[in-house]
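Trainee: Sending over run_32.cif (mmCIF, C-alpha atoms).
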```
data_data
#
loop_
_atom_site.group_PDB
_atom_site.id
_atom_site.type_symbol
_atom_site.label_atom_id
_atom_site.label_comp_id
_atom_site.auth_asym_id
_atom_site.auth_seq_id
_atom_site.Cartn_x
_atom_site.Cartn_y
_atom_site.Cartn_z
ATOM 1 C CA MET A 20 0.000 0.000 0.000
ATOM 2 C CA ALA A 21 1.319 3.474 -0.870
ATOM 3 C CA ILE A 22 1.421 6.235 1.751
ATOM 4 C CA ALA A 23 -1.110 8.257 -0.224
ATOM 5 C CA GLY A 24 -3.536 5.344 -0.089
ATOM 6 C CA ALA A 25 -3.810 5.730 3.668
ATOM 7 C CA ALA A 26 -5.929 8.871 3.179
ATOM 8 C CA SER A 27 -9.102 7.045 2.200
ATOM 9 C CA MET A 28 -8.629 4.485 4.989
ATOM 10 C CA LEU A 29 -8.254 7.226 7.592
ATOM 11 C CA ALA A 30 -11.146 9.321 6.330
ATOM 12 C CA ALA A 31 -13.789 7.307 8.153
ATOM 13 C CA SER A 32 -12.218 7.901 11.559
ATOM 14 C CA ILE A 33 -10.810 11.454 11.499
ATOM 15 C CA PRO A 34 -12.128 14.986 10.849
ATOM 16 C CA ALA A 35 -11.766 16.244 7.306
ATOM 17 C CA GLN A 36 -9.602 19.120 8.547
ATOM 18 C CA ALA A 37 -6.626 17.784 10.486
ATOM 19 C CA GLN A 38 -6.053 19.616 13.760
ATOM 20 C CA THR A 39 -2.759 19.804 15.609
ATOM 21 C CA ARG A 40 -2.328 18.283 19.047
ATOM 22 C CA ALA A 41 -0.356 19.515 22.022
ATOM 23 C CA GLY A 42 3.203 18.214 22.177
ATOM 24 C CA ASP A 43 3.167 17.009 18.570
ATOM 25 C CA GLY A 44 6.539 18.386 17.498
ATOM 26 C CA ASN A 45 7.752 14.915 16.598
ATOM 27 C CA ALA A 46 4.751 14.445 14.294
ATOM 28 C CA ILE A 47 5.539 17.716 12.504
ATOM 29 C CA ASP A 48 9.169 16.659 12.037
ATOM 30 C CA PHE A 49 7.869 13.287 10.842
ATOM 31 C CA VAL A 50 5.919 15.067 8.095
ATOM 32 C CA VAL A 51 8.903 17.234 7.149
ATOM 33 C CA GLY A 52 11.146 14.159 6.933
ATOM 34 C CA ASN A 53 8.684 12.431 4.656
ATOM 35 C CA ILE A 54 8.382 15.497 2.443
ATOM 36 C CA GLU A 55 12.169 15.468 2.029
ATOM 37 C CA TYR A 56 12.087 11.806 0.969
ATOM 38 C CA LEU A 57 9.098 12.244 -1.341
ATOM 39 C CA LEU A 58 10.580 15.342 -2.975
ATOM 40 C CA VAL A 59 13.813 13.487 -3.772
ATOM 41 C CA HIS A 60 11.776 10.485 -4.983
ATOM 42 C CA GLU A 61 9.834 12.695 -7.406
ATOM 43 C CA LEU A 62 13.036 14.436 -8.526
ATOM 44 C CA ALA A 63 14.280 10.954 -9.426
ATOM 45 C CA HIS A 64 11.200 10.518 -11.638
ATOM 46 C CA LEU A 65 11.910 13.878 -13.259
ATOM 47 C CA LEU A 66 15.536 12.909 -13.890
ATOM 48 C CA ILE A 67 14.733 9.456 -15.263
ATOM 49 C CA GLY A 68 12.202 10.943 -17.679
ATOM 50 C CA GLU A 69 14.241 13.981 -18.729
ATOM 51 C CA LYS A 70 17.460 12.061 -19.327
ATOM 52 C CA SER A 71 15.829 8.848 -20.630
ATOM 53 C CA VAL A 72 17.780 6.898 -18.014
ATOM 54 C CA PRO A 73 17.595 3.159 -18.770
ATOM 55 C CA ILE A 74 15.916 1.363 -15.879
ATOM 56 C CA VAL A 75 15.655 -2.382 -15.330
ATOM 57 C CA GLY A 76 12.511 -3.167 -13.355
ATOM 58 C CA PRO A 77 9.748 -0.848 -12.087
ATOM 59 C CA VAL A 78 10.647 2.824 -12.239
ATOM 60 C CA GLU A 79 9.057 3.332 -8.810
ATOM 61 C CA ASN A 80 11.613 0.969 -7.292
ATOM 62 C CA ALA A 81 14.415 2.882 -9.000
ATOM 63 C CA ALA A 82 13.085 6.191 -7.636
ATOM 64 C CA ASP A 83 12.911 4.697 -4.131
ATOM 65 C CA TYR A 84 16.504 3.497 -4.336
ATOM 66 C CA ILE A 85 17.724 6.843 -5.699
ATOM 67 C CA ALA A 86 15.934 8.765 -2.928
ATOM 68 C CA THR A 87 17.227 6.488 -0.177
ATOM 69 C CA LEU A 88 20.789 6.492 -1.523
ATOM 70 C CA ALA A 89 20.767 10.272 -1.859
ATOM 71 C CA LEU A 90 19.698 10.753 1.745
ATOM 72 C CA ILE A 91 22.269 8.252 3.023
ATOM 73 C CA ARG A 92 25.220 9.362 0.894
ATOM 74 C CA GLU A 93 24.829 13.117 0.639
ATOM 75 C CA ALA A 94 26.247 15.432 3.275
ATOM 76 C CA PRO A 95 23.533 16.938 5.526
ATOM 77 C CA LEU A 96 21.804 19.936 4.001
ATOM 78 C CA ASP A 97 22.396 21.746 7.288
ATOM 79 C CA PRO A 98 25.849 20.893 8.763
ATOM 80 C CA ALA A 99 24.639 22.143 12.163
ATOM 81 C CA GLU A 100 22.179 19.238 12.272
ATOM 82 C CA GLN A 101 24.321 16.217 11.431
ATOM 83 C CA ASP A 102 21.706 13.695 12.531
ATOM 84 C CA ARG A 103 18.714 15.374 10.871
ATOM 85 C CA ALA A 104 19.122 13.481 7.589
ATOM 86 C CA LEU A 105 19.092 10.158 9.446
ATOM 87 C CA LYS A 106 16.099 11.230 11.516
ATOM 88 C CA PHE A 107 14.183 12.263 8.401
ATOM 89 C CA LEU A 108 15.041 9.027 6.563
ATOM 90 C CA LEU A 109 13.808 6.979 9.512
ATOM 91 C CA ALA A 110 10.619 9.069 9.455
ATOM 92 C CA ALA A 111 10.057 8.055 5.827
ATOM 93 C CA ALA A 112 10.561 4.395 6.737
ATOM 94 C CA SER A 113 8.174 4.738 9.680
ATOM 95 C CA ALA A 114 5.505 6.224 7.403
ATOM 96 C CA PHE A 115 5.586 3.190 5.121
ATOM 97 C CA GLU A 116 5.317 0.853 8.111
ATOM 98 C CA ALA A 117 2.521 2.872 9.725
ATOM 99 C CA SER A 118 0.641 3.044 6.417
ATOM 100 C CA TRP A 119 0.834 -0.737 6.128
ATOM 101 C CA ARG A 120 -0.434 -1.261 9.682
ATOM 102 C CA ARG A 121 -3.293 1.208 9.128
ATOM 103 C CA GLY A 122 -4.308 -0.520 5.944
ATOM 104 C CA ASP A 123 -4.265 -3.890 7.668
ATOM 105 C CA ALA A 124 -6.333 -2.534 10.575
ATOM 106 C CA PHE A 125 -8.957 -1.164 8.164
ATOM 107 C CA GLY A 126 -9.002 -4.373 6.127
ATOM 108 C CA ALA A 127 -7.899 -2.554 2.976
ATOM 109 C CA ALA A 128 -7.266 -4.596 -0.151
ATOM 110 C CA VAL A 129 -3.565 -5.162 -0.761
ATOM 111 C CA PRO A 130 -2.645 -3.622 -4.172
ATOM 112 C CA TYR A 131 -0.331 -6.361 -5.431
ATOM 113 C CA TRP A 132 -0.864 -5.015 -8.947
ATOM 114 C CA ASP A 133 0.409 -1.505 -8.174
ATOM 115 C CA SER A 134 3.548 -0.081 -9.801
ATOM 116 C CA HIS A 135 4.848 0.781 -6.323
ATOM 117 C CA ALA A 136 6.225 -1.912 -4.055
ATOM 118 C CA LEU A 137 4.004 -2.648 -1.061
ATOM 119 C CA SER A 138 4.496 -0.128 1.757
ATOM 120 C CA ILE A 139 5.943 -2.784 4.054
ATOM 121 C CA GLN A 140 8.478 -3.737 1.372
ATOM 122 C CA ARG A 141 9.506 -0.099 0.983
ATOM 123 C CA TYR A 142 9.937 0.105 4.760
ATOM 124 C CA TYR A 143 12.307 -2.855 4.855
ATOM 125 C CA GLN A 144 14.133 -1.608 1.763
ATOM 126 C CA ILE A 145 15.047 1.660 3.500
ATOM 127 C CA ALA A 146 16.043 -0.217 6.650
ATOM 128 C CA CYS A 147 18.231 -2.625 4.671
ATOM 129 C CA LEU A 148 20.020 0.081 2.685
ATOM 130 C CA LEU A 149 20.655 2.175 5.784
ATOM 131 C CA TYR A 150 21.985 -0.813 7.728
ATOM 132 C CA GLY A 151 24.038 -1.993 4.755
ATOM 133 C CA SER A 152 25.663 1.426 4.330
ATOM 134 C CA ASP A 153 27.528 0.935 7.640
ATOM 135 C CA PRO A 154 26.626 -2.227 9.606
ATOM 136 C CA ASP A 155 28.807 -1.133 12.532
ATOM 137 C CA ALA A 156 27.411 2.378 12.878
ATOM 138 C CA PHE A 157 23.835 1.164 12.349
ATOM 139 C CA ALA A 158 24.130 -2.136 14.183
ATOM 140 C CA ASP A 159 20.833 -1.518 16.000
ATOM 141 C CA ILE A 160 18.765 -1.037 12.840
ATOM 142 C CA PRO A 161 17.754 -4.724 12.437
ATOM 143 C CA ARG A 162 16.451 -4.845 16.000
ATOM 144 C CA ALA A 163 14.759 -1.435 15.824
ATOM 145 C CA THR A 164 13.023 -2.161 12.518
ATOM 146 C CA GLY A 165 12.426 -5.894 12.837
ATOM 147 C CA LEU A 166 14.594 -6.538 9.789
ATOM 148 C CA PRO A 167 14.996 -10.335 9.668
ATOM 149 C CA GLU A 168 18.495 -11.738 9.951
ATOM 150 C CA ALA A 169 18.156 -13.459 6.579
ATOM 151 C CA ARG A 170 17.635 -10.078 4.871
ATOM 152 C CA ALA A 171 20.096 -8.170 7.053
ATOM 153 C CA ALA A 172 22.899 -10.569 6.100
ATOM 154 C CA GLY A 173 22.745 -9.358 2.492
ATOM 155 C CA CYS A 174 22.230 -5.651 3.115
ATOM 156 C CA ALA A 175 25.894 -4.626 2.801
ATOM 157 C CA ASP A 176 26.026 -6.178 -0.673
ATOM 158 C CA GLU A 177 22.650 -4.637 -1.556
ATOM 159 C CA TYR A 178 23.900 -1.204 -0.527
ATOM 160 C CA LEU A 179 27.139 -1.661 -2.462
ATOM 161 C CA ARG A 180 25.258 -2.562 -5.652
ATOM 162 C CA ALA A 181 22.897 0.375 -5.222
ATOM 163 C CA SER A 182 25.771 2.743 -4.473
ATOM 164 C CA ARG A 183 27.607 1.672 -7.626
ATOM 165 C CA ALA A 184 24.432 2.323 -9.611
ATOM 166 C CA ALA A 185 24.190 5.797 -8.059
ATOM 167 C CA ASP A 186 27.805 6.479 -9.046
ATOM 168 C CA TRP A 187 27.006 5.384 -12.605
ATOM 169 C CA LEU A 188 23.978 7.687 -12.680
ATOM 170 C CA LEU A 189 26.090 10.672 -11.649
ATOM 171 C CA GLU A 190 28.911 9.808 -14.038
ATOM 172 C CA SER A 191 26.600 9.184 -16.999
ATOM 173 C CA TYR A 192 23.959 11.883 -16.514
ATOM 174 C CA GLY A 193 25.366 14.297 -13.957
ATOM 175 C CA ARG A 194 26.457 17.860 -14.501
ATOM 176 C CA GLN A 195 29.501 18.178 -16.729
ATOM 177 C CA SER A 196 32.088 20.927 -16.833
ATOM 178 C CA GLY A 197 30.631 23.836 -18.736
ATOM 179 C CA ASP A 198 26.989 22.866 -18.171
ATOM 180 C CA THR A 199 24.731 25.708 -17.133
ATOM 181 C CA ASN A 200 21.166 25.962 -15.925
ATOM 182 C CA ALA A 201 19.261 28.284 -18.203
ATOM 183 C CA HIS A 202 16.316 28.397 -15.818
ATOM 184 C CA GLU A 203 15.665 28.753 -12.121
ATOM 185 C CA THR A 204 13.210 26.465 -10.344
ATOM 186 C CA GLU A 205 10.253 28.281 -8.821
ATOM 187 C CA ILE A 206 9.015 27.013 -5.450
ATOM 188 C CA VAL A 207 5.384 27.887 -4.720
ATOM 189 C CA TYR A 208 3.660 27.550 -1.343
ATOM 190 C CA GLU A 209 -0.051 28.109 -1.911
ATOM 191 C CA GLY A 210 -2.207 28.899 1.112
ATOM 192 C CA PRO A 211 -2.227 25.917 3.500
ATOM 193 C CA PRO A 212 -5.823 24.952 4.380
ATOM 194 C CA THR A 213 -5.295 23.367 7.836
ATOM 195 C CA MET A 214 -3.393 24.094 11.015
ATOM 196 C CA VAL A 215 -1.205 21.077 10.310
ATOM 197 C CA SER A 216 -0.264 22.152 6.806
ATOM 198 C CA MET A 217 0.322 25.723 8.015
ATOM 199 C CA ARG A 218 2.776 24.538 10.673
ATOM 200 C CA VAL A 219 4.512 22.203 8.236
ATOM 201 C CA VAL A 220 4.977 24.996 5.689
ATOM 202 C CA GLU A 221 6.379 27.242 8.426
ATOM 203 C CA ARG A 222 8.816 24.484 9.409
ATOM 204 C CA LEU A 223 9.860 23.854 5.800
ATOM 205 C CA GLN A 224 10.430 27.545 5.203
ATOM 206 C CA SER A 225 12.405 27.981 8.422
ATOM 207 C CA LEU A 226 14.714 25.148 7.328
ATOM 208 C CA GLU A 227 14.663 26.314 3.678
ATOM 209 C CA LEU A 228 14.419 22.579 3.047
ATOM 210 C CA LEU A 229 12.802 22.590 -0.398
ATOM 211 C CA GLU A 230 15.133 25.343 -1.560
ATOM 212 C CA ARG A 231 18.214 23.465 -0.324
ATOM 213 C CA ILE A 232 17.125 20.195 -1.962
ATOM 214 C CA ILE A 233 16.441 21.878 -5.296
ATOM 215 C CA ASP A 234 19.735 23.766 -5.155
ATOM 216 C CA ARG A 235 21.624 20.524 -4.543
ATOM 217 C CA PHE A 236 19.736 18.833 -7.390
ATOM 218 C CA HIS A 237 20.876 21.580 -9.766
ATOM 219 C CA GLN A 238 24.439 21.205 -8.492
ATOM 220 C CA ARG A 239 24.318 17.519 -9.486
ATOM 221 C CA PHE A 240 22.314 17.679 -12.738
ATOM 222 C CA SER A 241 21.624 20.180 -15.517
ATOM 223 C CA LEU A 242 18.246 20.437 -17.248
ATOM 224 C CA GLU A 243 17.267 22.118 -20.482
ATOM 225 C CA GLU A 244 13.795 23.179 -19.340
ATOM 226 C CA PRO A 245 12.550 24.815 -16.125
ATOM 227 C CA PHE A 246 10.180 23.188 -13.667
ATOM 228 C CA THR A 247 8.139 24.261 -10.658
ATOM 229 C CA VAL A 248 7.748 22.780 -7.187
ATOM 230 C CA ALA A 249 4.292 23.514 -5.760
ATOM 231 C CA MET A 250 2.567 22.773 -2.476
ATOM 232 C CA ARG A 251 -1.197 23.144 -2.863
ATOM 233 C CA THR A 252 -4.645 21.694 -2.194
ATOM 234 C CA CYS A 253 -5.333 18.943 -4.760
ATOM 235 C CA ASN A 254 -8.457 17.086 -3.534
ATOM 236 C CA ARG A 255 -6.281 13.992 -3.335
ATOM 237 C CA SER A 256 -3.449 12.786 -1.128
ATOM 238 C CA GLU A 257 -0.268 12.514 -3.184
ATOM 239 C CA ALA A 258 3.103 13.793 -4.265
ATOM 240 C CA ALA A 259 3.818 13.523 -7.985
ATOM 241 C CA TRP A 260 5.932 14.707 -10.895
ATOM 242 C CA VAL A 261 3.502 15.997 -13.551
ATOM 243 C CA PRO A 262 5.582 16.161 -16.756
ATOM 244 C CA GLU A 263 2.925 17.804 -18.949
ATOM 245 C CA ARG A 264 2.881 20.788 -16.550
ATOM 246 C CA ARG A 265 6.543 20.444 -15.603
ATOM 247 C CA GLU A 266 5.413 20.608 -11.997
ATOM 248 C CA LEU A 267 6.492 18.649 -8.967
ATOM 249 C CA LEU A 268 3.408 18.607 -6.791
ATOM 250 C CA ILE A 269 3.057 18.024 -3.047
ATOM 251 C CA CYS A 270 -0.570 18.014 -1.943
ATOM 252 C CA TYR A 271 -1.660 19.431 1.401
ATOM 253 C CA GLU A 272 -3.980 16.446 1.775
ATOM 254 C CA LEU A 273 -0.871 14.255 1.887
ATOM 255 C CA VAL A 274 0.654 16.556 4.518
ATOM 256 C CA ASP A 275 -2.387 15.998 6.773
ATOM 257 C CA THR A 276 -2.330 12.248 6.147
ATOM 258 C CA LEU A 277 1.351 12.051 7.039
ATOM 259 C CA TYR A 278 0.704 14.001 10.247
ATOM 260 C CA LEU A 279 -1.868 11.433 11.350
ATOM 261 C CA LEU A 280 0.510 8.619 10.462
ATOM 262 C CA GLY A 281 3.200 10.394 12.455
ATOM 263 C CA LEU A 282 1.036 10.402 15.558
ATOM 264 C CA ALA A 283 0.652 6.622 15.223
ATOM 265 C CA ALA A 284 4.096 5.659 13.900
ATOM 266 C CA ARG A 285 6.589 3.613 15.910
ATOM 267 C CA PRO A 286 9.801 5.552 16.637
ATOM 268 C CA LEU A 287 12.828 3.874 15.013
ATOM 269 C CA GLU A 288 15.583 5.839 16.736
#
```
Just dump the structure as structure tokens.
Mentor:
Amino acid sequence: MAIAGAASMLAASIPAQAQTRAGDGNAIDFVVGNIEYLLVHELAHLLIGEKSVPIVGPVENAADYIATLALIREAPLDPAEQDRALKFLLAAASAFEASWRRGDAFGAAVPYWDSHALSIQRYYQIACLLYGSDPDAFADIPRATGLPEARAAGCADEYLRASRAADWLLESYGRQSGDTNAHETEIVYEGPPTMVSMRVVERLQSLELLERIIDRFHQRFSLEEPFTVAMRTCNRSEAAWVPERRELLICYELVDTLYLLGLAARPLE
């Protein structure tokens, strides 16, 4: 089950307008961490489409691997917060696990046919790649996430293969000497409709998180055409790259859904 799919399952038991709760700072950071992951995931879709990157297997899996590898390998966007990237990546993993548990509790049909991996598979994929990136530093990840020993034993090799693929992507399609960006990327925050989305936008803007991610993307890759990143009300719960509008969209409905998942998610720290 995808994170966005949790919206319809939650709708029967929560108010339409998500309200914040006292002492919910961790839930807000949970949302911000997931937005970071989802933004990089959708940038991977943009890159794969723009550069016609050859992909073996489902493109959604490739975008998940690219997003996870980027958040593990890249230096923190804010050097003053060395552990923030790890915290945000664990928040993304927790969202997939919480979405799966919610779906199971509501008796939702399991979308085996979907182009995305099942949410619980995406959860274990992040856990495996993080553990495999440094089994000594992240020795507690298998216990904290419930990653089975049989999977954990192969995670170092899985990370190494994925890391080599990321190196190939940068070498083959990354910015070359002399490349320039002819266009700036516009970031649009339309009026947030709920207290949750308002607080999340304030947090994102205080961190300049979207701006930092987009700036780093342009440092790594050059594009011939501009695109826009927009946060807005969509009447659906999703984040998506919309190529016909050249718009990377993050819906406020997804922000509210992630907040509710954050209140229910198991901490993985």
Trainee: Can you tell me which residues surround A:Thr199 at a distance of at most 10 Å, considering all atoms listed in the file, apart from same-chain residues fewer than 5 positions away, and format the answer as an NGL selection string?
Mentor: :A and (194 or 237-238 or 240-243)
Trainee: For the file shown, report as a list in words the outcome of the PyMOL selection byres ((chain A and resi 52) around 7) at residue level.
Mentor: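 Matching residues under the PyMOL selection byres ((chain A and resi 52) around 7) are Asp48, Phe49, Val50, Val51, Asn53, Ile54, Glu55, Tyr56, Phe107, Leu108, Ala110 and Ala111 of chain A.
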Trainee: Calculated over all atoms listed in the file, which of the candidates A:Gly151, A:Gly68, A:Gly210, A:Gly165 has the smallest distance to A:Leu179?
Mentor: A:Gly151
Trainee: Could you please determine the separation between atom CA of A:Trp187 and atom CA of A:Ile145 in Å, to one decimal place?
Mentor: 20.4 Å
Trainee: Please provide as JSON, numbers by chain all residues within 12 Å of A:Glu227, with the sequence filter that same-chain residues fewer than 6 positions apart are discarded (counting all atoms listed in the file).
Mentor: {"A": [51, 55, 96, 97, 206, 219, 220, 221, 233, 234]}
Trainee: Atom CA of A:Tyr142 and atom CA of A:Ile47 are how many Å apart?
Mentor: 19.7 Å
Trainee: Suppose you want the space between atom CA of A:Glu205 and atom CA of A:Val248; what is it in Å?
Mentor: 6.3 Å
Trainee: With all atoms listed in the file as the counted atoms, please give the residues lying no more than 7 Å from stretch 254-267 of chain A, apart from itself and same-chain residues fewer than 6 positions off, as number ranges by chain.
Mentor: A: 23, 26, 57, 61, 64-65, 246-248, 273
Trainee: Evaluate the PyMOL selection byres ((chain A and resi 78) around 10) and record the selected residues as a ChimeraX atom specification, following the chain and residue labels used in the document.
Mentor: /A:63-64,67-68,73-77,79-84,134-135
Trainee: Which residue out of A:Ala181, A:Thr204, A:Cys147, A:Ile85 has the minimum interatomic distance to A:Arg162 when all atoms listed in the file are used?
Mentor: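 Checking each candidate against A:Arg162, we get A:Cys147 as the closest.
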Trainee: Report as a VMD selection string the full result of the PyMOL selection byres ((chain A and resi 171) around 12) when it is applied to this structure.
Mentor: chain A and resid 143 to 154 157 to 162 164 to 170 172 to 178
